[in-house]
>>> print(open('structure28.pdb').read())   # PDB, C-alpha atoms
ATOM      1  CA  MET A   1       9.635  -0.102  -6.966
ATOM      2  CA  GLN A   2      11.783   0.082  -3.858
ATOM      3  CA  VAL A   3      10.360  -1.933  -0.942
ATOM      4  CA  LEU A   4      11.692  -1.350   2.583
ATOM      5  CA  PHE A   5      10.893  -3.786   5.405
ATOM      6  CA  LYS A   6      11.022  -2.929   9.127
ATOM      7  CA  SER A   7      10.303  -5.180  12.086
ATOM      8  CA  ARG A   8      11.727  -5.821  15.543
ATOM      9  CA  ASP A   9       9.899  -9.117  15.928
ATOM     10  CA  PRO A  10      12.021 -12.164  14.891
ATOM     11  CA  GLN A  11       8.986 -14.055  13.558
ATOM     12  CA  ALA A  12       7.990 -11.134  11.353
ATOM     13  CA  SER A  13      11.542 -10.742  10.043
ATOM     14  CA  GLU A  14      11.259 -14.223   8.549
ATOM     15  CA  LEU A  15       8.533 -12.816   6.281
ATOM     16  CA  ARG A  16      10.783 -10.210   4.644
ATOM     17  CA  GLU A  17      10.964 -11.914   1.252
ATOM     18  CA  LEU A  18       7.288 -12.831   1.276
ATOM     19  CA  ALA A  19       6.263  -9.283   2.163
ATOM     20  CA  GLU A  20       8.403  -7.768  -0.585
ATOM     21  CA  ARG A  21       7.009 -10.234  -3.162
ATOM     22  CA  ARG A  22       3.409  -9.641  -2.057
ATOM     23  CA  VAL A  23       3.786  -5.849  -2.214
ATOM     24  CA  ARG A  24       5.262  -6.006  -5.721
ATOM     25  CA  PHE A  25       2.551  -8.425  -6.875
ATOM     26  CA  ALA A  26      -0.371  -6.496  -5.354
ATOM     27  CA  LEU A  27       0.794  -3.194  -6.835
ATOM     28  CA  ARG A  28       2.124  -4.476 -10.156
ATOM     29  CA  ARG A  29      -0.368  -2.372 -12.143
ATOM     30  CA  LEU A  30       0.228   0.754 -10.050
ATOM     31  CA  ARG A  31       4.017   0.387  -9.987
ATOM     32  CA  TRP A  32       4.475   3.597 -11.991
ATOM     33  CA  LEU A  33       2.512   5.543  -9.339
ATOM     34  CA  VAL A  34       4.378   4.185  -6.287
ATOM     35  CA  PRO A  35       8.180   4.392  -6.510
ATOM     36  CA  ARG A  36       8.691   3.493  -2.822
ATOM     37  CA  ALA A  37       6.863   1.289  -0.325
ATOM     38  CA  GLU A  38       7.618   0.715   3.347
ATOM     39  CA  VAL A  39       6.318  -2.324   5.263
ATOM     40  CA  GLN A  40       6.320  -2.279   9.076
ATOM     41  CA  MET A  41       5.334  -5.375  11.036
ATOM     42  CA  SER A  42       4.771  -5.245  14.792
ATOM     43  CA  ASP A  43       3.300  -7.405  17.531
ATOM     44  CA  VAL A  44       0.998  -5.113  19.506
ATOM     45  CA  ASN A  45       0.549  -7.267  22.646
ATOM     46  CA  GLY A  46       3.939  -8.944  22.567
ATOM     47  CA  PRO A  47       4.052 -12.524  23.901
ATOM     48  CA  ARG A  48       0.540 -12.340  25.430
ATOM     49  CA  GLY A  49      -1.008 -13.417  22.127
ATOM     50  CA  GLY A  50      -4.371 -12.560  20.654
ATOM     51  CA  ILE A  51      -5.373 -10.655  17.531
ATOM     52  CA  ASP A  52      -2.394  -8.370  17.618
ATOM     53  CA  LYS A  53      -0.234  -8.723  14.517
ATOM     54  CA  ARG A  54      -0.087  -5.262  12.923
ATOM     55  CA  CYS A  55       1.063  -4.481   9.407
ATOM     56  CA  GLN A  56       1.483  -0.855   8.369
ATOM     57  CA  LEU A  57       2.186   0.082   4.770
ATOM     58  CA  GLU A  58       3.395   3.497   3.702
ATOM     59  CA  PHE A  59       3.558   4.403   0.041
ATOM     60  CA  ARG A  60       5.333   7.440  -1.356
ATOM     61  CA  THR A  61       3.421   8.318  -4.482
ATOM     62  CA  ASP A  62       4.049  10.622  -7.393
ATOM     63  CA  GLY A  63       1.403  13.289  -7.025
ATOM     64  CA  ALA A  64      -0.725  12.017  -4.107
ATOM     65  CA  GLY A  65       1.934  12.411  -1.426
ATOM     66  CA  SER A  66       2.274   9.740   1.229
ATOM     67  CA  VAL A  67      -0.424   7.094   1.744
ATOM     68  CA  VAL A  68      -0.503   5.042   4.970
ATOM     69  CA  VAL A  69      -2.651   1.944   5.542
ATOM     70  CA  ALA A  70      -2.629  -0.401   8.545
ATOM     71  CA  ALA A  71      -4.326  -3.686   9.380
ATOM     72  CA  VAL A  72      -4.432  -5.896  12.481
ATOM     73  CA  ALA A  73      -5.024  -9.655  12.303
ATOM     74  CA  ARG A  74      -4.383 -12.936  14.086
ATOM     75  CA  ASP A  75      -1.322 -13.806  11.966
ATOM     76  CA  TRP A  76       1.292 -11.897   9.944
ATOM     77  CA  ARG A  77       0.162 -13.086   6.520
ATOM     78  CA  SER A  78      -3.473 -12.081   7.068
ATOM     79  CA  ALA A  79      -2.439  -8.650   8.336
ATOM     80  CA  LEU A  80      -0.204  -8.133   5.301
ATOM     81  CA  ASP A  81      -2.822  -9.278   2.803
ATOM     82  CA  SER A  82      -5.554  -7.180   4.398
ATOM     83  CA  ALA A  83      -3.388  -4.054   4.387
ATOM     84  CA  LEU A  84      -2.360  -4.656   0.765
ATOM     85  CA  ASP A  85      -5.962  -5.090  -0.313
ATOM     86  CA  ARG A  86      -6.979  -1.808   1.314
ATOM     87  CA  ALA A  87      -3.918   0.001  -0.030
ATOM     88  CA  ALA A  88      -4.483  -1.125  -3.625
ATOM     89  CA  ARG A  89      -8.109   0.039  -3.525
ATOM     90  CA  LEU A  90      -7.129   3.374  -1.957
ATOM     91  CA  LEU A  91      -4.333   4.062  -4.452
ATOM     92  CA  LEU A  92      -6.583   3.216  -7.379
ATOM     93  CA  ARG A  93      -9.308   5.504  -6.011
ATOM     94  CA  LEU A  94      -6.806   8.369  -5.564
ATOM     95  CA  TRP A  95      -5.514   7.919  -9.109
ATOM     96  CA  ARG A  96      -9.049   7.819 -10.554
ATOM     97  CA  ARG A  97     -10.015  11.018  -8.730
ATOM     98  CA  SER A  98      -7.014  12.920 -10.039
ATOM     99  CA  HIS A  99      -7.438  11.439 -13.510
ATOM    100  CA  ASP A 100     -11.166  12.316 -13.643
ATOM    101  CA  ALA A 101     -10.496  15.842 -12.372
ATOM    102  CA  ARG A 102      -7.838  16.346 -15.043
ATOM    103  CA  ARG A 103     -10.162  15.019 -17.739
ATOM    104  CA  LEU A 104     -12.978  17.314 -16.547
ATOM    105  CA  ARG A 105     -10.677  20.363 -16.639
ATOM    106  CA  GLN A 106      -9.584  19.525 -20.179
ATOM    107  CA  ARG A 107     -13.191  19.097 -21.274
ATOM    108  CA  LEU A 108     -14.206  22.451 -19.760
ATOM    109  CA  LEU A 109     -11.251  24.203 -21.369
ATOM    110  CA  SER A 110     -12.048  22.748 -24.796
ATOM    111  CA  GLN A 111     -15.710  23.860 -24.489
ATOM    112  CA  GLU A 112     -14.652  27.432 -23.714
ATOM    113  CA  LEU A 113     -12.587  27.646 -26.864
TER
END
>>> encode(input="structure28.pdb", output="structure tokens")
Amino acid sequence: MQVLFKSRDPQASELRELAERRVRFALRRLRWLVPRAEVQMSDVNGPRGGIDKRCQLEFRTDGAGSVVVAAVARDWRSALDSALDRAARLLLRLWRRSHDARRLRQRLLSQEL
């Protein structure tokens, strides 16, 4: 899996290795479905502070197109983990839907014959 990291914030850039490791770990079972992942970290309010650390994940999937998930939290790590949790659940749900639909079609075709 290819993981791309984008951020203009110097504090977020320090998390490059961590973000790449976390993405690979969180999607280790769905690695075959997601050949490319893009992580974007941004500070919404800038130096004013607050709950404004935003992590956006974009996954290019085989079959489901592009999947985008974002999360906002007080710190970078929480935003990343929250976005990864949502993304893993969403990707698994998309795969199950397509897998169940394929299985249903095969079952209907075999009953017709």
>>> atom_distance(input="structure28.pdb", atom1="CA of Ala83 (chain A)", atom2="CA of Leu18 (chain A)")
14.2 Å
>>> resolve_selection(input="structure28.pdb", expression="the PyMOL selection byres ((chain A and resi 61-65) around 12)", output="PyMOL selection string")
chain A and resi 1-2+30-38+58-60+66-68+87+90-99
>>> write_last_selection(input="structure28.pdb", atoms="C-alpha atoms", output="JSON list (two decimals), keeping the file's coordinate frame")
[["chain", "number", "residue", "atom", "x", "y", "z"],
["A", 1, "MET", "CA", 9.64, -0.10, -6.97],
["A", 2, "GLN", "CA", 11.78, 0.08, -3.86],
["A", 30, "LEU", "CA", 0.23, 0.75, -10.05],
["A", 31, "ARG", "CA", 4.02, 0.39, -9.99],
["A", 32, "TRP", "CA", 4.47, 3.60, -11.99],
["A", 33, "LEU", "CA", 2.51, 5.54, -9.34],
["A", 34, "VAL", "CA", 4.38, 4.18, -6.29],
["A", 35, "PRO", "CA", 8.18, 4.39, -6.51],
["A", 36, "ARG", "CA", 8.69, 3.49, -2.82],
["A", 37, "ALA", "CA", 6.86, 1.29, -0.32],
["A", 38, "GLU", "CA", 7.62, 0.72, 3.35],
["A", 58, "GLU", "CA", 3.40, 3.50, 3.70],
["A", 59, "PHE", "CA", 3.56, 4.40, 0.04],
["A", 60, "ARG", "CA", 5.33, 7.44, -1.36],
["A", 66, "SER", "CA", 2.27, 9.74, 1.23],
["A", 67, "VAL", "CA", -0.42, 7.09, 1.74],
["A", 68, "VAL", "CA", -0.50, 5.04, 4.97],
["A", 87, "ALA", "CA", -3.92, 0.00, -0.03],
["A", 90, "LEU", "CA", -7.13, 3.37, -1.96],
["A", 91, "LEU", "CA", -4.33, 4.06, -4.45],
["A", 92, "LEU", "CA", -6.58, 3.22, -7.38],
["A", 93, "ARG", "CA", -9.31, 5.50, -6.01],
["A", 94, "LEU", "CA", -6.81, 8.37, -5.56],
["A", 95, "TRP", "CA", -5.51, 7.92, -9.11],
["A", 96, "ARG", "CA", -9.05, 7.82, -10.55],
["A", 97, "ARG", "CA", -10.02, 11.02, -8.73],
["A", 98, "SER", "CA", -7.01, 12.92, -10.04],
["A", 99, "HIS", "CA", -7.44, 11.44, -13.51]]
>>> atom_distance(input="structure28.pdb", atom1="CA of Arg29 (chain A)", atom2="CA of Lys53 (chain A)")
27.4 Å
>>> axis_aligned_box(input="structure28.pdb", around="region 55-72 of chain A", padding_each_side="8 Å", output="JSON")
{"center_x": 0.5, "center_y": 3.7, "center_z": 2.5, "size_x": 25.8, "size_y": 35.2, "size_z": 35.9}
>>> closest_residue(input="structure28.pdb", among="A:Val39, A:Gln11, A:Ala73, A:Leu109", to="Arg54 (chain A)", atoms="all atoms listed in the file")
A:Ala73
>>> resolve_selection(input="structure28.pdb", expression="the PyMOL selection byres ((chain A and resi 77) around 12)", output="PDB file with C-alpha atoms, keeping the file's coordinate frame")
ATOM      1  CA  GLN A  11       8.986 -14.055  13.558  1.00  0.00           C
ATOM      2  CA  ALA A  12       7.990 -11.134  11.353  1.00  0.00           C
ATOM      3  CA  GLU A  14      11.259 -14.223   8.549  1.00  0.00           C
ATOM      4  CA  LEU A  15       8.533 -12.816   6.281  1.00  0.00           C
ATOM      5  CA  ARG A  16      10.783 -10.210   4.644  1.00  0.00           C
ATOM      6  CA  LEU A  18       7.288 -12.831   1.276  1.00  0.00           C
ATOM      7  CA  ALA A  19       6.263  -9.283   2.163  1.00  0.00           C
ATOM      8  CA  ARG A  22       3.409  -9.641  -2.057  1.00  0.00           C
ATOM      9  CA  VAL A  23       3.786  -5.849  -2.214  1.00  0.00           C
ATOM     10  CA  MET A  41       5.334  -5.375  11.036  1.00  0.00           C
ATOM     11  CA  LYS A  53      -0.234  -8.723  14.517  1.00  0.00           C
ATOM     12  CA  ARG A  54      -0.087  -5.262  12.923  1.00  0.00           C
ATOM     13  CA  CYS A  55       1.063  -4.481   9.407  1.00  0.00           C
ATOM     14  CA  ALA A  71      -4.326  -3.686   9.380  1.00  0.00           C
ATOM     15  CA  VAL A  72      -4.432  -5.896  12.481  1.00  0.00           C
ATOM     16  CA  ALA A  73      -5.024  -9.655  12.303  1.00  0.00           C
ATOM     17  CA  ARG A  74      -4.383 -12.936  14.086  1.00  0.00           C
ATOM     18  CA  ASP A  75      -1.322 -13.806  11.966  1.00  0.00           C
ATOM     19  CA  TRP A  76       1.292 -11.897   9.944  1.00  0.00           C
ATOM     20  CA  SER A  78      -3.473 -12.081   7.068  1.00  0.00           C
ATOM     21  CA  ALA A  79      -2.439  -8.650   8.336  1.00  0.00           C
ATOM     22  CA  LEU A  80      -0.204  -8.133   5.301  1.00  0.00           C
ATOM     23  CA  ASP A  81      -2.822  -9.278   2.803  1.00  0.00           C
ATOM     24  CA  SER A  82      -5.554  -7.180   4.398  1.00  0.00           C
ATOM     25  CA  ALA A  83      -3.388  -4.054   4.387  1.00  0.00           C
ATOM     26  CA  LEU A  84      -2.360  -4.656   0.765  1.00  0.00           C
TER      27      LEU A  84
END
>>> closest_residue(input="structure28.pdb", among="A:Gln106, A:Ala26, A:Ile51, A:Val3", to="Asp85 (chain A)", atoms="only C-alpha atoms")
A:Ala26
>>> closest_residue(input="structure28.pdb", among="A:Pro47, A:Ala70, A:Lys6, A:Ala88", to="Arg24 (chain A)", atoms="all atoms listed in the file")
A:Ala88
>>> atom_distance(input="structure28.pdb", atom1="CA of Leu57 (chain A)", atom2="CA of Arg21 (chain A)")
13.9 Å
>>> closest_residue(input="structure28.pdb", among="A:Leu108, A:Gln40, A:Asp100, A:Arg89", to="Leu27 (chain A)", atoms="only C-alpha atoms")
A:Arg89
